[in-house]
Amino acid sequence: MNKHVTNFNEIILPLSREIDREIAGDIEKESVFVSPQIDRIIVSEDLKSAKLIARDGANMEEVADKAKRFLDVMVKQVSGFEIKVFVDIKRKDTGPYQIGVNDGLVERGWMHDYGKGQVAYSGPVLKLAQLINEKAGELYKKAYNATDGHFPAMIDADTLHKCGYFDSHPNAVTFVGNVVEDFDAIEEFRRANSCSEGALLPQPEHIHIDGMCLNPAACFPCYPTLKGKTYLTGECFTWMGRVFRYESRNINGLDRLYEFNVRELVFVGTEEYVRECRAKALPIVEEMATFFDIDCQVQTATDPFFATVSAAKKFWQAAQEVKNEIKIPALGNDGSTKMLACGSINLHGNFFGKRFEFYCANGEPAQTGCVGLGIERWVLAAFTQHGFEPHRWPEAVRNRIFS
Ligand code: AMP
Ligand code: ZN
C-alpha cells in the first residue's frame, strides 16, 4: 500500500484489494481502536481506499504505519458468505419508522443518557424493557423448562481467559482497578479529593488491577458453575445478565452502550439436545416479534472479532453456521435504515464443556449453546417501529407500558 498525503490531518491509504460493504463497515467501526491519535478511518465509496483522519498534533508517520497494518489484516477477511434467512416477520403497524428515538426518549424524561455508554430509564422505557425480559422468560420457561439463575456482573480474568475472550475481543475488556493496600497511597488519594473540584484519580502506580473484569458476555459466568456435572440429555438455564463492552467512541444511545442487559438462555447437554434447543429458539423469536409487532429477521451471522483474529474466526463461524442473529430494522442518526442486531443464537460445540469440565454420560465434554437478547436494542427497535404515540402499539403492549 502506498500513501498519498492530502492535507495535514488526512491521508488516503489505498487498499490492497477492492473490499465489500460488510468489511468496510467493520473497518470503520473498529478504526476507533487503532490509535488514540486517529479520529476515524473511512472507506471510500468505490471501496478501494480508506481515508485516515488523524487528530491534531498526531505523528502522521506513526499513525499511517499503524493504520496500514490494521487495514492489511482487515482486507484479508473473507466475506460474501451467503446469508440465510430463517425467520422473516412483518409488522402490522403501517406508520412510518420514528427517527431520533434516543433524543425523543430523553426529551420525554423516560431516559437519561450519562454520555459514556450508560443510560438510566423509567416510565414506558422501563416498562417495555421489563416486558421484553418477562415475555422472553415466559417463552423460555414454556419451551425449555429453563431453570432461573442469577450471576455476578464481575468476572475474573482467568475465567475470561478460559472463555477465549482475550483472544477474540481484547479491545472490549474492562479491568477493575483498586487503590493499592497502602496507607500512604490511600491517604494521598483521600486528601487530593477532599477539596478538589472534580475527581482526582490515584496515580497509575497506586492502582492495582488484580484480575477482576466487568463481564462482557452474558453466558460466561454460568460455565464455572457447571464444573463436574454430567448430563444424560441436557438442561437449560435462563437469567437477565448485565453486560459491559468497551465500545470506545462507537457508543451511541441505546444502539451501542458500554453497559447493557441481556436476557440469556444457555443450553447444556448432548449434541442432539443442544441442536434441538437451538431449533426451538426460532419460533420463540417469531412469537416475540409478533407480540411486539415488529419487522424482524433471523439470519446467519459472524461475531465482530478483533482485527487480527477476524479472518480465521469469522470464516469458521460462517462456514459452520454456528451464529444466527436476530436483526430488527431501525433508523441510524442520519435517518437511513439499518439492521440492528438485537439478539444472537449460538452453538459452541464442546468448547466450554472441555474447558470447564462438564460432561455427557459417555464421558465426552458436553455441548453448549446460548440465546442472548439485547434488551435495550429491542426497546430501541420497538420505539423506532411504533413511535411515541400509544395508539400505534399493539394493545397488549400498550396497556402495559403506557398505563
Ligand atoms: P452477542 O453475544 O455479541 O451476540 O451479543 C448479544 C446481544 O447483545 C446482541 O445481539 C445485541 O442485541 C446486544 N448488544 C451487543 N453489544 C451491545 C452494545 N454495545 N449495546 C447494546 N446492546 C448490545
Ligand atoms: Zn452467550
# chains A, B, ... in the order shown; residues from 1 in each chain; ligands from 1

call {"tool": "residues_around", "arguments": {"residues": "Thr233 in chain A", "least_positions_apart": "4", "cutoff": "7 Å", "atoms": "only C-alpha atoms", "output": "PyMOL selection string"}}
result
chain A and resi 269-270+273

call {"tool": "write_last_selection", "arguments": {"atoms": "C-alpha atoms", "output": "PDB file, in the first residue's frame"}}
result
ATOM      1  CA  GLY A 269     -26.058 -31.396  27.146  1.00  0.00           C
ATOM      2  CA  THR A 270     -25.674 -33.905  24.357  1.00  0.00           C
ATOM      3  CA  TYR A 273     -30.234 -31.963  22.913  1.00  0.00           C
TER       4      TYR A 273
END

call {"tool": "residues_near_ligand", "arguments": {"ligand": "ligand 1", "cutoff": "9 Å", "atoms": "only C-alpha atoms and all ligand atoms", "output": "mmCIF file with N, CA and C atoms, in the first residue's frame"}}
result
data_model
loop_
_atom_site.group_PDB
_atom_site.id
_atom_site.type_symbol
_atom_site.label_atom_id
_atom_site.label_comp_id
_atom_site.auth_asym_id
_atom_site.auth_seq_id
_atom_site.Cartn_x
_atom_site.Cartn_y
_atom_site.Cartn_z
ATOM 1 N N GLY A 117 -22.008 5.820 27.457
ATOM 2 C CA GLY A 117 -22.475 4.470 27.127
ATOM 3 C C GLY A 117 -23.306 3.834 28.222
ATOM 4 N N PRO A 216 -18.227 -9.329 29.948
ATOM 5 C CA PRO A 216 -18.550 -8.844 28.596
ATOM 6 C C PRO A 216 -19.460 -9.757 27.765
ATOM 7 N N ALA A 217 -19.907 -10.873 28.285
ATOM 8 C CA ALA A 217 -20.836 -11.738 27.519
ATOM 9 C C ALA A 217 -21.687 -12.479 28.542
ATOM 10 N N ALA A 218 -22.999 -12.362 28.408
ATOM 11 C CA ALA A 218 -23.886 -12.823 29.476
ATOM 12 C C ALA A 218 -23.635 -14.262 29.920
ATOM 13 N N CYS A 219 -23.350 -15.160 28.981
ATOM 14 C CA CYS A 219 -23.315 -16.574 29.372
ATOM 15 C C CYS A 219 -22.058 -17.014 30.121
ATOM 16 N N VAL A 243 -24.168 -6.748 31.076
ATOM 17 C CA VAL A 243 -23.010 -6.949 30.213
ATOM 18 C C VAL A 243 -22.305 -5.619 29.954
ATOM 19 N N PHE A 244 -20.970 -5.672 29.906
ATOM 20 C CA PHE A 244 -20.161 -4.468 29.694
ATOM 21 C C PHE A 244 -19.217 -4.701 28.516
ATOM 22 N N ARG A 245 -19.272 -3.832 27.545
ATOM 23 C CA ARG A 245 -18.297 -3.919 26.436
ATOM 24 C C ARG A 245 -17.733 -2.533 26.198
ATOM 25 N N TYR A 246 -16.413 -2.428 26.230
ATOM 26 C CA TYR A 246 -15.787 -1.128 25.969
ATOM 27 C C TYR A 246 -15.881 -0.875 24.470
ATOM 28 N N GLU A 247 -16.754 0.050 24.097
ATOM 29 C CA GLU A 247 -17.010 0.318 22.676
ATOM 30 C C GLU A 247 -16.303 1.595 22.225
ATOM 31 N N ASN A 250 -17.472 4.450 19.693
ATOM 32 C CA ASN A 250 -18.635 3.970 18.943
ATOM 33 C C ASN A 250 -19.924 4.014 19.753
ATOM 34 N N ILE A 251 -19.845 4.355 21.038
ATOM 35 C CA ILE A 251 -21.079 4.390 21.841
ATOM 36 C C ILE A 251 -22.084 5.349 21.207
ATOM 37 N N ASN A 252 -23.356 4.971 21.279
ATOM 38 C CA ASN A 252 -24.398 5.777 20.646
ATOM 39 C C ASN A 252 -25.765 5.375 21.195
ATOM 40 N N GLY A 253 -26.307 6.196 22.077
ATOM 41 C CA GLY A 253 -27.651 5.957 22.618
ATOM 42 C C GLY A 253 -27.872 4.509 23.004
ATOM 43 N N LEU A 254 -29.110 4.021 22.770
ATOM 44 C CA LEU A 254 -29.448 2.640 23.121
ATOM 45 C C LEU A 254 -28.848 1.634 22.147
ATOM 46 N N ASP A 255 -28.389 2.097 20.974
ATOM 47 C CA ASP A 255 -27.837 1.148 19.988
ATOM 48 C C ASP A 255 -26.514 0.557 20.442
ATOM 49 N N ARG A 256 -25.658 1.412 20.982
ATOM 50 C CA ARG A 256 -24.339 0.904 21.343
ATOM 51 C C ARG A 256 -23.946 1.467 22.698
ATOM 52 N N LEU A 257 -24.190 0.651 23.716
ATOM 53 C CA LEU A 257 -23.927 1.043 25.100
ATOM 54 C C LEU A 257 -22.642 0.402 25.601
ATOM 55 N N TYR A 258 -22.117 0.951 26.681
ATOM 56 C CA TYR A 258 -20.988 0.324 27.376
ATOM 57 C C TYR A 258 -21.553 -0.730 28.335
ATOM 58 N N GLU A 259 -22.697 -0.412 28.920
ATOM 59 C CA GLU A 259 -23.327 -1.268 29.921
ATOM 60 C C GLU A 259 -24.764 -1.535 29.493
ATOM 61 N N PHE A 260 -25.111 -2.815 29.311
ATOM 62 C CA PHE A 260 -26.471 -3.125 28.854
ATOM 63 C C PHE A 260 -26.938 -4.449 29.454
ATOM 64 N N ASN A 261 -28.169 -4.806 29.168
ATOM 65 C CA ASN A 261 -28.771 -6.007 29.752
ATOM 66 C C ASN A 261 -29.107 -7.021 28.671
ATOM 67 N N VAL A 262 -28.864 -8.263 28.981
ATOM 68 C CA VAL A 262 -29.125 -9.331 28.015
ATOM 69 C C VAL A 262 -29.954 -10.421 28.697
ATOM 70 N N ARG A 263 -31.089 -10.795 28.106
ATOM 71 C CA ARG A 263 -31.846 -11.949 28.603
ATOM 72 C C ARG A 263 -31.184 -13.161 27.983
ATOM 73 N N GLU A 264 -30.590 -13.964 28.821
ATOM 74 C CA GLU A 264 -29.755 -15.069 28.338
ATOM 75 C C GLU A 264 -30.422 -16.417 28.561
ATOM 76 N N THR A 302 -21.783 -13.531 11.798
ATOM 77 C CA THR A 302 -20.482 -13.800 12.429
ATOM 78 C C THR A 302 -20.247 -12.749 13.500
ATOM 79 N N ASP A 303 -19.355 -13.041 14.438
ATOM 80 C CA ASP A 303 -19.028 -12.089 15.511
ATOM 81 C C ASP A 303 -18.079 -11.012 15.014
ATOM 82 N N PRO A 304 -18.146 -9.813 15.606
ATOM 83 C CA PRO A 304 -17.177 -8.777 15.226
ATOM 84 C C PRO A 304 -15.860 -8.988 15.979
ATOM 85 N N LYS A 323 -23.532 -19.173 14.293
ATOM 86 C CA LYS A 323 -24.148 -17.975 14.866
ATOM 87 C C LYS A 323 -25.293 -17.497 13.976
ATOM 88 N N ASN A 324 -26.465 -17.365 14.596
ATOM 89 C CA ASN A 324 -27.586 -16.710 13.917
ATOM 90 C C ASN A 324 -27.865 -15.424 14.656
ATOM 91 N N GLU A 325 -28.273 -14.414 13.910
ATOM 92 C CA GLU A 325 -28.540 -13.145 14.566
ATOM 93 C C GLU A 325 -29.977 -12.704 14.339
ATOM 94 N N ILE A 326 -30.573 -12.105 15.374
ATOM 95 C CA ILE A 326 -31.911 -11.536 15.254
ATOM 96 C C ILE A 326 -31.704 -10.090 14.820
ATOM 97 N N LYS A 327 -32.138 -9.781 13.622
ATOM 98 C CA LYS A 327 -31.916 -8.437 13.083
ATOM 99 C C LYS A 327 -33.251 -7.711 12.996
ATOM 100 N N LEU A 340 -30.426 -3.672 13.028
ATOM 101 C CA LEU A 340 -29.861 -3.678 14.378
ATOM 102 C C LEU A 340 -29.804 -5.128 14.878
ATOM 103 N N ALA A 341 -28.617 -5.569 15.317
ATOM 104 C CA ALA A 341 -28.513 -6.930 15.864
ATOM 105 C C ALA A 341 -29.105 -6.908 17.272
ATOM 106 N N CYS A 342 -30.269 -7.512 17.423
ATOM 107 C CA CYS A 342 -30.972 -7.436 18.710
ATOM 108 C C CYS A 342 -30.867 -8.719 19.513
ATOM 109 N N GLY A 343 -30.194 -9.697 18.977
ATOM 110 C CA GLY A 343 -30.024 -10.932 19.719
ATOM 111 C C GLY A 343 -29.245 -11.924 18.892
ATOM 112 N N SER A 344 -28.711 -12.949 19.562
ATOM 113 C CA SER A 344 -27.992 -13.967 18.801
ATOM 114 C C SER A 344 -28.307 -15.349 19.340
ATOM 115 N N ILE A 345 -28.218 -16.320 18.451
ATOM 116 C CA ILE A 345 -28.469 -17.724 18.786
ATOM 117 C C ILE A 345 -27.177 -18.443 18.408
ATOM 118 N N ASN A 346 -26.490 -18.995 19.405
ATOM 119 C CA ASN A 346 -25.139 -19.503 19.159
ATOM 120 C C ASN A 346 -24.954 -20.960 19.536
ATOM 121 N N CYS A 370 -26.253 -20.933 23.262
ATOM 122 C CA CYS A 370 -26.924 -19.879 24.026
ATOM 123 C C CYS A 370 -27.746 -18.974 23.114
ATOM 124 N N VAL A 371 -28.707 -18.308 23.736
ATOM 125 C CA VAL A 371 -29.501 -17.284 23.055
ATOM 126 C C VAL A 371 -29.396 -16.031 23.923
ATOM 127 N N GLY A 372 -29.015 -14.925 23.336
ATOM 128 C CA GLY A 372 -28.918 -13.672 24.106
ATOM 129 C C GLY A 372 -29.742 -12.594 23.433
ATOM 130 N N LEU A 373 -30.674 -12.009 24.173
ATOM 131 C CA LEU A 373 -31.477 -10.912 23.612
ATOM 132 C C LEU A 373 -31.021 -9.599 24.236
ATOM 133 N N GLY A 374 -30.603 -8.659 23.422
ATOM 134 C CA GLY A 374 -30.144 -7.352 23.911
ATOM 135 C C GLY A 374 -31.367 -6.489 24.233
ATOM 136 N N ILE A 375 -31.673 -6.362 25.524
ATOM 137 C CA ILE A 375 -32.919 -5.703 25.939
ATOM 138 C C ILE A 375 -33.028 -4.270 25.408
ATOM 139 N N GLU A 376 -31.972 -3.473 25.567
ATOM 140 C CA GLU A 376 -32.059 -2.068 25.161
ATOM 141 C C GLU A 376 -32.216 -1.934 23.645
ATOM 142 N N ARG A 377 -31.642 -2.865 22.905
ATOM 143 C CA ARG A 377 -31.820 -2.789 21.442
ATOM 144 C C ARG A 377 -33.248 -3.143 21.041
ATOM 145 N N TRP A 378 -33.871 -4.066 21.751
ATOM 146 C CA TRP A 378 -35.288 -4.368 21.471
ATOM 147 C C TRP A 378 -36.132 -3.127 21.782
#

call {"tool": "residues_around", "arguments": {"residues": "range 87-97 of chain A", "least_positions_apart": "4", "cutoff": "12 Å", "atoms": "only C-alpha atoms", "output": "short mmCIF file (atom, residue, chain, number, x, y, z; two decimals) with C-alpha atoms, in the first residue's frame"}}
result
data_model
loop_
_atom_site.label_atom_id
_atom_site.label_comp_id
_atom_site.auth_asym_id
_atom_site.auth_seq_id
_atom_site.Cartn_x
_atom_site.Cartn_y
_atom_site.Cartn_z
CA VAL A 101 -35.73 7.78 19.14
CA ALA A 279 -34.14 -25.16 16.65
CA ALA A 281 -35.31 -20.70 19.52
CA LEU A 282 -36.64 -19.69 16.09
CA PRO A 283 -40.38 -19.95 16.85
CA ILE A 284 -39.71 -18.07 20.09
CA VAL A 285 -38.20 -15.15 18.19
CA GLU A 286 -41.22 -15.24 15.87
CA GLU A 287 -43.54 -15.12 18.85
CA MET A 288 -41.62 -12.22 20.40
CA ALA A 289 -41.65 -10.25 17.12
CA THR A 290 -45.36 -10.89 16.64
CA PHE A 291 -46.18 -9.91 20.24
CA PHE A 292 -44.31 -6.60 19.92
CA ASP A 293 -45.45 -6.26 16.28
CA ILE A 294 -42.06 -5.55 14.76
CA ASP A 295 -40.34 -6.27 11.46
CA CYS A 296 -37.70 -8.86 12.33
CA GLN A 297 -35.41 -11.38 10.69
CA VAL A 298 -33.19 -14.18 11.93
CA GLN A 299 -30.20 -14.83 9.70
CA THR A 300 -26.72 -16.34 9.67
CA ASN A 324 -27.59 -16.71 13.92
CA GLU A 325 -28.54 -13.14 14.57
CA ILE A 326 -31.91 -11.54 15.25
CA LYS A 327 -31.92 -8.44 13.08
CA ILE A 328 -34.53 -5.75 13.57
CA PRO A 329 -34.62 -2.73 11.27
CA ALA A 330 -34.18 0.67 12.92
CA LEU A 331 -33.02 4.10 11.77
CA GLY A 332 -29.49 5.48 12.02
CA GLY A 335 -32.40 8.55 9.07
CA SER A 336 -31.14 5.67 6.95
CA THR A 337 -32.47 2.19 7.73
CA LYS A 338 -30.01 -0.18 9.38
CA LEU A 380 -34.92 0.99 20.60
CA ALA A 381 -36.28 -1.12 17.74
CA ALA A 382 -39.82 -1.18 19.15
CA PHE A 383 -39.91 2.61 19.68
CA THR A 384 -38.48 3.08 16.17
CA GLN A 385 -41.19 0.93 14.65
CA HIS A 386 -44.17 2.29 16.66
CA GLY A 387 -43.12 5.83 17.61
CA PHE A 388 -44.16 7.65 20.77
CA GLU A 389 -47.95 7.63 20.31
CA PRO A 390 -49.62 4.80 22.28
CA HIS A 391 -52.31 4.10 19.63
CA ARG A 392 -49.76 2.61 17.20
CA TRP A 393 -48.59 -0.03 19.68
CA PRO A 394 -50.21 -3.49 19.89
CA GLU A 395 -52.88 -3.45 22.56
#

call {"tool": "select_by_dssp", "arguments": {"residues": "range 172-309 of chain A", "states": "strand (DSSP E or B)", "output": "MDAnalysis selection string"}}
result
chainID A and resid 175 178:179 207:208 212:214 230:231 234:244 252 256 259:269 296:300

call {"tool": "atom_distance", "arguments": {"atom1": "CA of Glu10 in chain A", "atom2": "CA of Ala54 in chain A"}}
result
6.1 Å

call {"tool": "select_by_dssp", "arguments": {"residues": "range 213-260 of chain A", "states": "helix (DSSP H, G or I)", "output": "JSON, numbers by chain"}}
result
{"A": [220, 221, 222, 223, 224, 225, 226, 248, 249, 250]}

call {"tool": "residues_around", "arguments": {"residues": "range 67-69 of chain A", "least_positions_apart": "2", "cutoff": "9 Å", "atoms": "only C-alpha atoms", "output": "PyMOL selection string"}}
result
chain A and resi 1+13+15+31+34-35+38+41+52+62-65+71-74

call {"tool": "closest_residue", "arguments": {"among": "A:Ile207, A:Cys163, A:Ala185, A:Met339", "to": "ligand 2", "atoms": "only C-alpha atoms and all ligand atoms"}}
result
A:Cys163

call {"tool": "atom_distance", "arguments": {"atom1": "CA of Thr368 in chain A", "atom2": "CA of Val322 in chain A"}}
result
11.3 Å

call {"tool": "closest_residue", "arguments": {"among": "A:Phe81, A:Phe70, A:Tyr165, A:Phe358", "to": "ligand 2", "atoms": "only C-alpha atoms and all ligand atoms"}}
result
A:Tyr165

call {"tool": "atom_distance", "arguments": {"atom1": "CA of Glu235 in chain A", "atom2": "CA of Glu364 in chain A"}}
result
16.1 Å

call {"tool": "closest_residue", "arguments": {"among": "A:Met60, A:Asp156, A:Glu18, A:Gln77", "to": "Ala312 in chain A", "atoms": "only C-alpha atoms"}}
result
A:Gln77

call {"tool": "residues_around", "arguments": {"residues": "Phe151 in chain A", "least_positions_apart": "4", "cutoff": "10 Å", "atoms": "only C-alpha atoms", "output": "mmCIF file with C-alpha atoms, in the first residue's frame"}}
result
data_model
loop_
_atom_site.group_PDB
_atom_site.id
_atom_site.type_symbol
_atom_site.label_atom_id
_atom_site.label_comp_id
_atom_site.auth_asym_id
_atom_site.auth_seq_id
_atom_site.Cartn_x
_atom_site.Cartn_y
_atom_site.Cartn_z
ATOM 1 C CA ILE A 155 -15.865 -11.942 36.271
ATOM 2 C CA ASN A 215 -18.463 -9.349 32.393
ATOM 3 C CA ALA A 218 -23.886 -12.823 29.476
ATOM 4 C CA CYS A 219 -23.315 -16.574 29.372
ATOM 5 C CA PHE A 220 -19.687 -16.724 30.616
ATOM 6 C CA PRO A 221 -20.340 -16.732 34.405
ATOM 7 C CA CYS A 222 -22.582 -19.788 34.004
ATOM 8 C CA THR A 225 -20.826 -23.377 37.943
ATOM 9 C CA TRP A 239 -31.395 -15.134 33.574
ATOM 10 C CA MET A 240 -31.006 -11.424 32.950
ATOM 11 C CA GLY A 241 -27.298 -10.654 32.622
ATOM 12 C CA ARG A 242 -25.607 -7.282 32.926
#

call {"tool": "closest_residue", "arguments": {"among": "A:Leu128, A:Val173, A:Ala146, A:Ile12", "to": "Arg400 in chain A", "atoms": "only C-alpha atoms"}}
result
A:Leu128
